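Q: So I've got this file, work_18.pdb, and it contains PDB, C-alpha atoms:
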ATOM      1  CA  MET S   1       6.236   4.121 -18.971
ATOM      2  CA  PHE S   2       9.121   2.934 -16.968
ATOM      3  CA  GLY S   3      11.393   5.376 -15.199
ATOM      4  CA  LEU S   4      14.916   5.095 -13.917
ATOM      5  CA  LEU S   5      15.629   2.915 -10.895
ATOM      6  CA  THR S   6      15.364   4.793  -7.630
ATOM      7  CA  SER S   7      17.978   4.450  -4.913
ATOM      8  CA  LEU S   8      17.661   1.326  -2.786
ATOM      9  CA  ALA S   9      18.389   3.456   0.237
ATOM     10  CA  MET S  10      15.194   5.500  -0.145
ATOM     11  CA  PHE S  11      12.067   4.342   1.634
ATOM     12  CA  ALA S  12       8.756   6.153   1.022
ATOM     13  CA  CYS S  13       6.278   5.809   3.855
ATOM     14  CA  SER S  14       3.128   7.947   3.579
ATOM     15  CA  GLY S  15      -0.096   6.337   4.731
ATOM     16  CA  ASP S  16      -2.400   9.296   5.096
ATOM     17  CA  LYS S  17      -2.892  12.587   3.307
ATOM     18  CA  ALA S  18      -0.748  14.436   5.836
ATOM     19  CA  THR S  19       2.961  13.761   6.214
ATOM     20  CA  ASP S  20       3.325  10.487   8.097
ATOM     21  CA  THR S  21       4.858  11.211  11.493
ATOM     22  CA  SER S  22       3.688   7.952  13.005
ATOM     23  CA  SER S  23       6.076   5.321  11.695
ATOM     24  CA  VAL S  24       9.189   5.578  13.885
ATOM     25  CA  ASP S  25       9.879   6.754  17.414
ATOM     26  CA  ASP S  26      13.454   8.024  17.224
ATOM     27  CA  THR S  27      13.783   8.393  20.998
ATOM     28  CA  ALA S  28      14.477   5.030  22.650
ATOM     29  CA  VAL S  29      12.708   4.484  25.974
ATOM     30  CA  VAL S  30      15.125   3.065  28.546
ATOM     31  CA  ASP S  31      14.496   1.365  31.879
ATOM     32  CA  GLU S  32      17.690   2.003  33.828
ATOM     33  CA  GLY S  33      17.214  -1.207  35.787
ATOM     34  CA  CYS S  34      17.074  -3.348  32.655
ATOM     35  CA  GLY S  35      19.156  -3.809  29.538
ATOM     36  CA  VAL S  36      16.139  -3.797  27.195
ATOM     37  CA  GLU S  37      15.152  -0.626  25.350
ATOM     38  CA  ILE S  38      12.286   0.365  23.084
ATOM     39  CA  ASP S  39      14.029   0.842  19.744
ATOM     40  CA  GLU S  40      11.114   1.671  17.473
ATOM     41  CA  THR S  41       7.366   2.105  17.652
ATOM     42  CA  TYR S  42       4.400   2.428  15.357
ATOM     43  CA  PRO S  43       2.924   4.886  15.975
ATOM     44  CA  ALA S  44       5.629   7.292  17.069
ATOM     45  CA  LEU S  45       5.341   9.292  20.257
ATOM     46  CA  ASN S  46       2.553  11.907  19.899
ATOM     47  CA  ALA S  47       1.810  10.988  16.280
ATOM     48  CA  ALA S  48      -1.281  12.812  15.064
ATOM     49  CA  ASP S  49      -2.146  11.015  11.822
ATOM     50  CA  VAL S  50      -2.450   7.303  12.605
ATOM     51  CA  TYR S  51      -4.659   5.284  10.252
ATOM     52  CA  TYR S  52      -7.741   3.986  12.052
ATOM     53  CA  LEU S  53      -7.271   0.425  10.721
ATOM     54  CA  SER S  54      -3.606   0.153  11.678
ATOM     55  CA  ASN S  55      -1.990  -2.511  13.789
ATOM     56  CA  LEU S  56       0.310  -1.048  16.427
ATOM     57  CA  SER S  57       3.809  -2.358  17.117
ATOM     58  CA  VAL S  58       6.819  -1.983  19.361
ATOM     59  CA  GLU S  59      10.314  -3.247  18.569
ATOM     60  CA  LEU S  60      12.527  -3.902  21.590
ATOM     61  CA  SER S  61      16.310  -4.008  21.568
ATOM     62  CA  ASP S  62      16.151  -7.646  22.759
ATOM     63  CA  PRO S  63      13.426 -10.269  23.246
ATOM     64  CA  ASP S  64      11.670 -10.019  26.624
ATOM     65  CA  GLU S  65       9.287 -12.702  27.861
ATOM     66  CA  THR S  66       7.712 -10.250  30.314
ATOM     67  CA  ALA S  67       6.830  -7.666  27.636
ATOM     68  CA  SER S  68       3.198  -6.862  26.857
ATOM     69  CA  LEU S  69       1.074  -4.246  25.110
ATOM     70  CA  THR S  70      -2.274  -2.698  25.964
ATOM     71  CA  LEU S  71      -4.235   0.072  24.290
ATOM     72  CA  THR S  72      -6.417   2.573  26.148
ATOM     73  CA  ASP S  73      -8.618   5.409  24.938
ATOM     74  CA  GLY S  74      -8.654   8.971  26.214
ATOM     75  CA  SER S  75     -10.793   8.036  29.206
ATOM     76  CA  GLY S  76      -8.417   5.260  30.242
ATOM     77  CA  ALA S  77     -10.725   2.431  29.138
ATOM     78  CA  GLU S  78      -8.893  -0.555  27.681
ATOM     79  CA  VAL S  79      -9.446  -1.253  23.974
ATOM     80  CA  ALA S  80      -9.939  -4.898  23.003
ATOM     81  CA  GLY S  81      -7.349  -6.486  20.763
ATOM     82  CA  GLU S  82      -4.851  -9.312  20.275
ATOM     83  CA  VAL S  83      -1.136  -9.162  21.014
ATOM     84  CA  THR S  84       1.354 -11.262  19.058
ATOM     85  CA  VAL S  85       5.098 -11.574  19.661
ATOM     86  CA  ASP S  86       7.727 -12.187  16.972
ATOM     87  CA  ASP S  87      11.182 -12.333  18.552
ATOM     88  CA  ASP S  88      11.763  -8.757  19.802
ATOM     89  CA  THR S  89       8.656  -7.214  18.186
ATOM     90  CA  LEU S  90       5.203  -6.995  19.769
ATOM     91  CA  THR S  91       2.133  -6.194  17.688
ATOM     92  CA  PHE S  92      -1.302  -5.128  18.903
ATOM     93  CA  ALA S  93      -4.197  -5.777  16.499
ATOM     94  CA  PRO S  94      -7.376  -3.950  17.620
ATOM     95  CA  SER S  95     -10.511  -6.115  17.545
ATOM     96  CA  ALA S  96     -12.417  -3.302  15.819
ATOM     97  CA  ALA S  97     -11.519  -0.187  13.876
ATOM     98  CA  LEU S  98     -10.250   2.700  15.969
ATOM     99  CA  ALA S  99     -12.331   5.870  16.013
ATOM    100  CA  PRO S 100     -11.131   8.623  13.651
ATOM    101  CA  SER S 101      -9.696  11.848  15.100
ATOM    102  CA  THR S 102      -9.422  10.252  18.544
ATOM    103  CA  SER S 103      -6.644  10.110  21.154
ATOM    104  CA  TYR S 104      -5.253   6.788  22.406
ATOM    105  CA  ASN S 105      -2.359   5.510  24.522
ATOM    106  CA  LEU S 106      -0.250   2.494  23.602
ATOM    107  CA  ASN S 107       1.104   1.093  26.868
ATOM    108  CA  VAL S 108       4.322  -0.943  26.795
ATOM    109  CA  SER S 109       5.330  -3.076  29.778
ATOM    110  CA  TYR S 110       8.717  -4.778  29.702
ATOM    111  CA  CYS S 111      11.427  -6.059  32.044
ATOM    112  CA  GLY S 112       8.761  -6.675  34.656
ATOM    113  CA  SER S 113       8.200  -2.935  35.102
ATOM    114  CA  GLU S 114       5.324  -1.893  37.352
ATOM    115  CA  GLU S 115       4.551   1.212  35.302
ATOM    116  CA  PRO S 116       4.346   0.891  31.496
ATOM    117  CA  ALA S 117       5.943   3.259  29.017
ATOM    118  CA  VAL S 118       3.113   5.274  27.454
ATOM    119  CA  ILE S 119       3.023   6.236  23.774
ATOM    120  CA  PRO S 120       0.177   8.716  23.165
ATOM    121  CA  PHE S 121      -1.146   9.178  19.630
ATOM    122  CA  THR S 122      -4.169  10.448  17.718
ATOM    123  CA  THR S 123      -5.879   8.869  14.728
ATOM    124  CA  SER S 124      -6.334  10.803  11.504
ATOM    125  CA  ALA S 125      -9.712  11.863  10.139
ATOM    126  CA  LEU S 126      -9.843   8.867   7.779
ATOM    127  CA  GLY S 127     -12.769   6.639   8.685
ATOM    128  CA  SER S 128     -15.276   9.471   8.972
ATOM    129  CA  ALA S 129     -18.386   9.063   6.807
ATOM    130  CA  LEU S 130     -18.383  10.598   3.328
ATOM    131  CA  ASP S 131     -19.830  14.110   3.540
ATOM    132  CA  GLY S 132     -22.141  13.659   0.571
ATOM    133  CA  GLY S 133     -22.844   9.967   1.114
ATOM    134  CA  ASN S 134     -21.529   7.156  -1.057
ATOM    135  CA  GLU S 135     -22.744   8.837  -4.235
ATOM    136  CA  SER S 136     -20.232  11.647  -3.718
ATOM    137  CA  ILE S 137     -17.382   9.526  -5.149
ATOM    138  CA  VAL S 138     -19.193   8.505  -8.366
ATOM    139  CA  GLY S 139     -17.476   9.937 -11.447
ATOM    140  CA  LYS S 140     -14.255  10.690  -9.601
ATOM    141  CA  THR S 141     -10.841   9.309 -10.600
ATOM    142  CA  TYR S 142      -7.977   8.557  -8.218
ATOM    143  CA  ALA S 143      -4.301   8.261  -9.214
ATOM    144  CA  LEU S 144      -2.424   5.545  -7.319
ATOM    145  CA  ASP S 145       1.378   5.811  -7.381
ATOM    146  CA  ILE S 146       2.873   2.469  -6.299
ATOM    147  CA  SER S 147       6.286   3.980  -5.554
ATOM    148  CA  SER S 148       4.758   6.359  -2.982
ATOM    149  CA  GLY S 149       4.006   3.594  -0.479
ATOM    150  CA  SER S 150       5.918   1.482   1.992
ATOM    151  CA  PHE S 151       7.060  -1.825   0.452
ATOM    152  CA  VAL S 152       6.455  -4.753   2.803
ATOM    153  CA  GLU S 153       7.337  -7.230   0.040
ATOM    154  CA  PRO S 154       9.789  -7.556  -1.556
ATOM    155  CA  ALA S 155      11.649  -6.330   1.507
ATOM    156  CA  GLY S 156      14.876  -4.502   0.713
ATOM    157  CA  VAL S 157      14.270  -3.958  -2.999
ATOM    158  CA  GLY S 158      10.830  -2.390  -2.977
ATOM    159  CA  ASP S 159      12.171   0.914  -4.262
ATOM    160  CA  LEU S 160      13.893  -0.903  -7.134
ATOM    161  CA  ILE S 161      10.605  -2.540  -8.159
ATOM    162  CA  GLY S 162       8.631   0.652  -7.613
ATOM    163  CA  GLY S 163      11.117   2.623  -9.682
ATOM    164  CA  LEU S 164      10.470   0.382 -12.680
ATOM    165  CA  LEU S 165       6.761   1.233 -12.690
ATOM    166  CA  GLU S 166       6.503   4.859 -13.700
ATOM    167  CA  ASN S 167       2.811   4.874 -14.557
ATOM    168  CA  LYS S 168       0.142   5.553 -12.002
ATOM    169  CA  ILE S 169      -2.856   3.242 -11.781
ATOM    170  CA  LEU S 170      -6.013   5.267 -12.360
ATOM    171  CA  ILE S 171      -9.137   4.082 -10.554
ATOM    172  CA  GLY S 172     -12.405   5.598 -11.765
ATOM    173  CA  ILE S 173     -15.598   5.157  -9.733
ATOM    174  CA  THR S 174     -18.513   4.491 -12.090
ATOM    175  CA  SER S 175     -21.273   3.585  -9.611
ATOM    176  CA  VAL S 176     -22.050   2.669  -5.999
ATOM    177  CA  GLU S 177     -25.042   0.438  -5.333
ATOM    178  CA  ASN S 178     -26.011  -2.230  -2.785
ATOM    179  CA  ASP S 179     -22.674  -2.038  -0.937
ATOM    180  CA  LEU S 180     -20.756  -2.571  -4.195
ATOM    181  CA  MET S 181     -18.495  -0.014  -5.854
ATOM    182  CA  THR S 182     -18.018  -0.438  -9.598
ATOM    183  CA  VAL S 183     -14.708   0.805 -10.956
ATOM    184  CA  ARG S 184     -12.969   1.378 -14.269
ATOM    185  CA  GLY S 185      -9.201   0.945 -14.492
ATOM    186  CA  ALA S 186      -6.674   2.816 -16.623
ATOM    187  CA  ILE S 187      -3.027   3.845 -16.579
ATOM    188  CA  SER S 188      -1.578   7.323 -16.606
ATOM    189  CA  ASP S 189       0.393   8.974 -19.374
ATOM    190  CA  GLY S 190       3.903   8.495 -18.029
ATOM    191  CA  SER S 191       4.342   9.834 -14.513
ATOM    192  CA  THR S 192       1.494  12.355 -14.846
ATOM    193  CA  THR S 193      -2.037  11.846 -13.565
ATOM    194  CA  ASP S 194      -3.453  12.241 -17.094
ATOM    195  CA  GLN S 195      -5.108   9.207 -18.649
ATOM    196  CA  ASP S 196      -3.102   7.419 -21.352
ATOM    197  CA  MET S 197      -5.487   7.842 -24.277
ATOM    198  CA  CYS S 198      -3.687   5.187 -26.344
ATOM    199  CA  THR S 199      -4.219   2.315 -23.905
ATOM    200  CA  GLU S 200      -7.450   0.410 -23.412
ATOM    201  CA  THR S 201      -9.291   0.914 -20.164
ATOM    202  CA  LEU S 202     -10.027  -2.074 -17.972
ATOM    203  CA  GLU S 203     -13.808  -2.338 -18.021
ATOM    204  CA  GLU S 204     -14.139  -5.691 -16.278
ATOM    205  CA  PHE S 205     -12.510  -4.761 -12.993
ATOM    206  CA  PRO S 206     -14.359  -6.737 -10.296
ATOM    207  CA  SER S 207     -16.729  -4.701  -8.136
ATOM    208  CA  ALA S 208     -15.289  -3.547  -4.823
ATOM    209  CA  ASP S 209     -16.800  -4.395  -1.472
ATOM    210  CA  PHE S 210     -18.045  -1.076  -0.074
ATOM    211  CA  SER S 211     -20.137  -2.450   2.774
ATOM    212  CA  THR S 212     -17.954  -0.714   5.359
ATOM    213  CA  SER S 213     -17.835   2.674   3.596
ATOM    214  CA  PRO S 214     -15.683   4.751   3.411
ATOM    215  CA  TYR S 215     -13.355   1.701   3.353
ATOM    216  CA  PHE S 216     -13.271  -0.384   0.160
ATOM    217  CA  GLU S 217     -11.721  -3.630  -1.085
ATOM    218  CA  ILE S 218     -11.132  -4.271  -4.790
ATOM    219  CA  PRO S 219     -10.646  -8.043  -5.299
ATOM    220  CA  LYS S 220      -8.031  -9.712  -7.491
ATOM    221  CA  GLU S 221      -7.597  -8.768 -11.144
ATOM    222  CA  ASP S 222      -4.635  -8.793 -13.564
ATOM    223  CA  VAL S 223      -3.591  -5.302 -14.652
ATOM    224  CA  THR S 224      -1.172  -4.828 -17.565
ATOM    225  CA  LEU S 225       0.863  -1.643 -17.868
ATOM    226  CA  SER S 226       2.014  -1.105 -21.444
ATOM    227  CA  VAL S 227       3.655   1.963 -22.960
ATOM    228  CA  ALA S 228       6.435   2.583 -25.497
ATOM    229  CA  GLY S 229       6.942  -1.085 -26.265
ATOM    230  CA  PHE S 230       7.299  -2.255 -22.666
ATOM    231  CA  THR S 231       4.684  -4.307 -20.852
ATOM    232  CA  ALA S 232       4.417  -5.619 -17.324
ATOM    233  CA  THR S 233       1.437  -7.225 -15.689
ATOM    234  CA  ILE S 234       0.641  -7.043 -12.009
ATOM    235  CA  TYR S 235      -1.035 -10.406 -11.519
ATOM    236  CA  GLY S 236      -3.810 -10.818  -8.959
ATOM    237  CA  LEU S 237      -3.852  -7.107  -8.156
ATOM    238  CA  GLU S 238      -5.835  -6.265  -5.004
ATOM    239  CA  VAL S 239      -6.362  -2.707  -3.754
ATOM    240  CA  THR S 240      -7.871  -1.427  -0.504
ATOM    241  CA  GLY S 241      -8.188   2.033   1.001
ATOM    242  CA  THR S 242     -10.372   4.543   2.783
ATOM    243  CA  PHE S 243     -11.883   7.638   1.178
ATOM    244  CA  ALA S 244     -11.497  10.962   2.958
ATOM    245  CA  ALA S 245     -14.772  12.538   4.094
ATOM    246  CA  ASP S 246     -14.524  15.189   1.349
ATOM    247  CA  ALA S 247     -13.667  12.498  -1.270
ATOM    248  CA  THR S 248     -10.553  14.378  -2.443
ATOM    249  CA  TYR S 249      -8.290  11.368  -1.875
ATOM    250  CA  PHE S 250      -8.119   7.924  -0.355
ATOM    251  CA  GLY S 251      -5.451   6.936   2.147
ATOM    252  CA  GLY S 252      -4.289   3.966   4.177
ATOM    253  CA  GLY S 253      -4.152   2.157   0.873
ATOM    254  CA  THR S 254      -2.697  -1.301   0.336
ATOM    255  CA  LEU S 255      -1.795  -3.022  -2.932
ATOM    256  CA  GLN S 256      -0.997  -6.699  -3.352
ATOM    257  CA  GLY S 257      -0.099  -8.732  -6.408
ATOM    258  CA  GLU S 258       2.907 -10.257  -8.124
ATOM    259  CA  LEU S 259       5.383  -9.410 -10.886
ATOM    260  CA  ASP S 260       6.870 -11.918 -13.319
ATOM    261  CA  ALA S 261      10.684 -11.953 -13.703
ATOM    262  CA  ARG S 262      10.202 -12.795 -17.393
ATOM    263  CA  GLN S 263       8.585  -9.388 -17.851
ATOM    264  CA  ILE S 264      10.950  -7.516 -15.536
ATOM    265  CA  LEU S 265      14.000  -8.879 -17.407
ATOM    266  CA  PRO S 266      14.072  -6.425 -20.366
ATOM    267  CA  LEU S 267      13.397  -3.525 -18.036
ATOM    268  CA  LEU S 268      16.362  -4.378 -15.829
ATOM    269  CA  GLY S 269      18.573  -4.699 -18.881
ATOM    270  CA  ASP S 270      17.433  -1.318 -20.144
ATOM    271  CA  ALA S 271      18.301   0.109 -16.721
ATOM    272  CA  GLY S 272      21.831  -1.275 -16.930
ATOM    273  CA  LEU S 273      21.552  -4.244 -14.552
ATOM    274  CA  ASP S 274      23.295  -7.442 -15.597
ATOM    275  CA  ALA S 275      20.660 -10.156 -16.065
ATOM    276  CA  GLU S 276      20.154 -12.184 -19.232
ATOM    277  CA  THR S 277      17.543 -14.716 -18.095
ATOM    278  CA  PRO S 278      14.545 -14.654 -15.721
ATOM    279  CA  GLU S 279      16.466 -17.052 -13.487
ATOM    280  CA  GLU S 280      19.289 -14.511 -13.258
ATOM    281  CA  VAL S 281      16.733 -11.859 -12.254
ATOM    282  CA  CYS S 282      15.653 -14.127  -9.404
ATOM    283  CA  GLY S 283      19.316 -14.664  -8.565
ATOM    284  CA  LEU S 284      19.872 -10.909  -8.340
ATOM    285  CA  LEU S 285      16.867 -10.561  -6.058
ATOM    286  CA  LEU S 286      18.028 -13.496  -3.941
ATOM    287  CA  GLY S 287      21.148 -11.490  -3.195
ATOM    288  CA  PHE S 288      18.853  -9.053  -1.402
ATOM    289  CA  GLY S 289      17.103 -11.870   0.454
ATOM    290  CA  VAL S 290      14.087 -11.915  -1.889
ATOM    291  CA  GLN S 291      12.895 -15.367  -2.986
ATOM    292  CA  CYS S 292      11.040 -15.795  -6.278
ATOM    293  CA  VAL S 293       7.826 -17.818  -5.858
ATOM    294  CA  GLU S 294       5.559 -19.816  -8.148
ATOM    295  CA  CYS S 295       3.617 -17.584 -10.531
ATOM    296  CA  ILE S 296      -0.166 -17.708 -10.240
ATOM    297  CA  SER S 297      -0.310 -17.619 -14.063
ATOM    298  CA  ASP S 298       1.620 -20.851 -14.775
ATOM    299  CA  SER S 299       3.249 -22.051 -11.499
ATOM    300  CA  GLU S 300       6.789 -21.317 -12.737
ATOM    301  CA  PRO S 301       9.018 -20.193  -9.792
ATOM    302  CA  LEU S 302       9.747 -16.839 -11.416
ATOM    303  CA  CYS S 303       7.482 -14.329  -9.682
ATOM    304  CA  VAL S 304       7.985 -11.712  -6.999
ATOM    305  CA  ARG S 305       5.288 -11.053  -4.426
ATOM    306  CA  LEU S 306       4.329  -7.378  -4.228
ATOM    307  CA  VAL S 307       2.818  -5.939  -1.026
ATOM    308  CA  VAL S 308       2.705  -2.157  -0.607
ATOM    309  CA  GLU S 309       1.120  -0.320   2.325
ATOM    310  CA  ARG S 310       0.313   3.264   3.367
ATOM    311  CA  LEU S 311      -0.560   4.376  -0.135
ATOM    312  CA  VAL S 312      -2.304   7.653  -0.889
ATOM    313  CA  ALA S 313      -4.226   8.351  -4.108
ATOM    314  CA  ASP S 314      -5.352  11.883  -4.972
ATOM    315  CA  GLU S 315      -8.410  12.712  -7.027
ATOM    316  CA  THR S 316      -7.411  13.851 -10.516
ATOM    317  CA  GLY S 317     -10.450  16.039 -11.161
ATOM    318  CA  VAL S 318     -11.105  14.352 -14.514
ATOM    319  CA  GLU S 319     -13.469  11.434 -15.184
ATOM    320  CA  LEU S 320     -11.937   8.452 -17.002
ATOM    321  CA  VAL S 321     -12.804   8.029 -20.678
ATOM    322  CA  PRO S 322     -13.664   4.427 -21.668
ATOM    323  CA  LEU S 323     -11.355   3.266 -24.473
ATOM    324  CA  ASP S 324     -11.380   0.056 -26.511
ATOM    325  CA  ALA S 325      -9.130  -1.223 -29.309
ATOM    326  CA  ASP S 326     -11.336   0.263 -32.047
ATOM    327  CA  ALA S 327     -11.269   3.745 -30.510
ATOM    328  CA  ILE S 328      -7.499   3.619 -30.160
ATOM    329  CA  ALA S 329      -7.017   2.337 -33.724
ATOM    330  CA  ALA S 330      -9.122   5.246 -35.029
ATOM    331  CA  SER S 331      -7.002   7.800 -33.189
ATOM    332  CA  GLU S 332      -4.516   9.601 -35.428
ATOM    333  CA  GLU S 333      -2.420  10.570 -32.403
ATOM    334  CA  CYS S 334      -2.116   6.966 -31.258
ATOM    335  CA  ALA S 335      -1.272   5.832 -34.789
ATOM    336  CA  SER S 336       1.555   8.368 -34.984
ATOM    337  CA  GLU S 337       2.961   7.133 -31.679
TER
END
Re-express the file's structure as C-alpha cells.
A:
Amino acid sequence: MFGLLTSLAMFACSGDKATDTSSVDDTAVVDEGCGVEIDETYPALNAADVYYLSNLSVELSDPDETASLTLTDGSGAEVAGEVTVDDDTLTFAPSAALAPSTSYNLNVSYCGSEEPAVIPFTTSALGSALDGGNESIVGKTYALDISSGSFVEPAGVGDLIGGLLENKILIGITSVENDLMTVRGAISDGSTTDQDMCTETLEEFPSADFSTSPYFEIPKEDVTLSVAGFTATIYGLEVTGTFAADATYFGGGTLQGELDARQILPLLGDAGLDAETPEEVCGLLLGFGVQCVECISDSEPLCVRLVVERLVADETGVELVPLDADAIAASEECASE
C-alpha cells in the first residue's frame, strides 16, 4: 500500500483536468517609482484554467498599506468580493462563484499607483451543468490520488506524507436524490485505479451535499487504508470537488482530515527514517515547522492536520463492487494473500 517517500523538494499542484498554469506568475511586476514588486500571483498572467470557486491572491515583495485588489469581468464591471491582507499577501474572495469559461481581470493597486497592474485570466469549464443531469454520475467511480494535490497542511512536508499513502481513494456514486449524493468508498490495489478486492468497502459513507451541483461536499468520515500488514486511518476525512460537464472527472478537489503519528511511526521506520516513538515522529515534523495537534479520536497531541487542495480524480470506468468481511473470507485469492 505504501510507497517510497517522495522528494521534499517536489510540489504537485494540479487543480483542474488541464495542466495548471494558474498558480504562479514568474514575471514580477515592478513600479519603477516604488521599491515594492509583485512577486507571485494566483492566478498567473493569462492563465486559462482557473477554478471557478478559487480565491485570488497576490504576494508583494514587501507589505504595502496602500495595496488593494479588485476583480472585473470582461465588460469592465466590478465583481463583488472581500479583500483580506496578511503581511505582504492580499487575497480576494469572490462573494459568489465565478462563471465557468469566462474572462476576468484581477487589478492590483500598490504604492499609491494611479493605474493598477492588470492580471487577465480565464476560468476553466468546471462549474458547467452536467450534460446528462445529476443522474449521469450514478454508477461511476472516481480515483482520488492524495499525492497529486497541493498540500496546504502540513506545509513543507506534504510530499513526505503524500508519499506514504500509495493507495488511491475510490469514490463510487450509488445514487443522487433530493440534493443528496450517496457514495461508496474503497481503496485501490496499490497505486493502480483497480479496486482492492481484499478490503471491505465503506458502505456507511455519509451522503454528500449536492444541492449546488456539479459541486459536492462529502462530510466527515474516518477512512482506514490497510494493505500488506500496514494500516493508517485518515480521521475526519472530508472531500469536496466539482464534476466536469461530461462526468469524466472531478476537479478543484479538496481533502481534509488528520493522520495519527502512532500509525505513521512504523511506516517511517520502514522508509528508513529514525523515529522510535510517536513523540519522536512529532519531533521530526517539528523540525520542518509542523506542530502535532490533539487527535480527534482521543485528544492525544499526536496528530497531523491534513489539508490538500487542487485535486483531480479521474473516472475509472468500472463500478465499485460492495465487499464485506464474509465475501473477503470466502475469497481464495484473499486467503492466499
Q: Provide the atom CA of S:Pro154 to atom CA of S:Ser191 distance in Å, to one decimal place.
A: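 Atom CA of S:Ser191 lies 22.4 Å from atom CA of S:Pro154.
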Q: Would you compute the box with edges along x, y and z of the file around stretch 38-47 of chain S, including every atom the file lists for it and 6 Å extra on each side, and give its centre and edge lengths in Å to one decimal, as lines of an AutoDock Vina configuration file?
A:
center_x = 7.9
center_y = 6.1
center_z = 19.2
size_x = 24.2
size_y = 23.5
size_z = 19.7
Q: Give me, please, the distance in Å between atom CA of S:Leu130 and atom CA of S:Pro43, quoted to one decimal.
A: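 Spanning atom CA of S:Leu130 to atom CA of S:Pro43 is a straight-line distance of 25.4 Å.
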Q: Nearest to S:Glu59 among S:Thr41, S:Gln291, S:Thr233, S:Asn134, with distances taken over all atoms listed in the file: which residue is it?
A: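 Selected residue with least distance to S:Glu59: S:Thr41.
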Q: Using only C-alpha atoms, which of S:Asn55, S:Ser207, S:Gln263, S:Gln195 sits nearest S:Leu180?
A: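 Using only C-alpha atoms, the shortest distance to S:Leu180 belongs to S:Ser207.
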Q: Please indicate the distance in Å from atom CA of S:Pro322 to atom CA of S:Pro219, rounded to one decimal place.
A: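 For atom CA of S:Pro322 relative to atom CA of S:Pro219, the distance reads 20.8 Å.
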Q: For the structure shown, which residues end up in the PyMOL selection byres ((chain S and resi 100-109) around 8)? Put them as a PDB file with C-alpha atoms, in the frame of the given file, please?
A:
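Below is the file that was written, result.pdb:
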ATOM      1  CA  TYR S  52      -7.741   3.986  12.052  1.00  0.00           C
ATOM      2  CA  VAL S  58       6.819  -1.983  19.361  1.00  0.00           C
ATOM      3  CA  THR S  66       7.712 -10.250  30.314  1.00  0.00           C
ATOM      4  CA  ALA S  67       6.830  -7.666  27.636  1.00  0.00           C
ATOM      5  CA  SER S  68       3.198  -6.862  26.857  1.00  0.00           C
ATOM      6  CA  LEU S  69       1.074  -4.246  25.110  1.00  0.00           C
ATOM      7  CA  THR S  70      -2.274  -2.698  25.964  1.00  0.00           C
ATOM      8  CA  LEU S  71      -4.235   0.072  24.290  1.00  0.00           C
ATOM      9  CA  THR S  72      -6.417   2.573  26.148  1.00  0.00           C
ATOM     10  CA  ASP S  73      -8.618   5.409  24.938  1.00  0.00           C
ATOM     11  CA  GLY S  74      -8.654   8.971  26.214  1.00  0.00           C
ATOM     12  CA  LEU S  98     -10.250   2.700  15.969  1.00  0.00           C
ATOM     13  CA  ALA S  99     -12.331   5.870  16.013  1.00  0.00           C
ATOM     14  CA  TYR S 110       8.717  -4.778  29.702  1.00  0.00           C
ATOM     15  CA  CYS S 111      11.427  -6.059  32.044  1.00  0.00           C
ATOM     16  CA  GLY S 112       8.761  -6.675  34.656  1.00  0.00           C
ATOM     17  CA  SER S 113       8.200  -2.935  35.102  1.00  0.00           C
ATOM     18  CA  GLU S 114       5.324  -1.893  37.352  1.00  0.00           C
ATOM     19  CA  GLU S 115       4.551   1.212  35.302  1.00  0.00           C
ATOM     20  CA  PRO S 116       4.346   0.891  31.496  1.00  0.00           C
ATOM     21  CA  ALA S 117       5.943   3.259  29.017  1.00  0.00           C
ATOM     22  CA  VAL S 118       3.113   5.274  27.454  1.00  0.00           C
ATOM     23  CA  ILE S 119       3.023   6.236  23.774  1.00  0.00           C
ATOM     24  CA  PRO S 120       0.177   8.716  23.165  1.00  0.00           C
ATOM     25  CA  PHE S 121      -1.146   9.178  19.630  1.00  0.00           C
ATOM     26  CA  THR S 122      -4.169  10.448  17.718  1.00  0.00           C
ATOM     27  CA  THR S 123      -5.879   8.869  14.728  1.00  0.00           C
ATOM     28  CA  SER S 124      -6.334  10.803  11.504  1.00  0.00           C
ATOM     29  CA  ALA S 125      -9.712  11.863  10.139  1.00  0.00           C
ATOM     30  CA  LEU S 126      -9.843   8.867   7.779  1.00  0.00           C
ATOM     31  CA  GLY S 127     -12.769   6.639   8.685  1.00  0.00           C
ATOM     32  CA  SER S 128     -15.276   9.471   8.972  1.00  0.00           C
TER      33      SER S 128
END
Q: Compare S:Ala335, S:Leu237, S:Leu286, S:Ala327 by their minimum atom-to-atom distance to S:Val307, counting only C-alpha atoms, and give me the closest one.
A: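 Smallest separation from S:Val307 among the options: S:Leu237.
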Q: Name the closest residue to S:Leu170 among the candidates S:Ser75, S:Ser150, S:Ser336, S:Thr316; distances are taken between atoms, counting only C-alpha atoms.
A: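 Going through S:Ser75, S:Ser150, S:Ser336, S:Thr316 one by one, the smallest distance to S:Leu170 is for S:Thr316.
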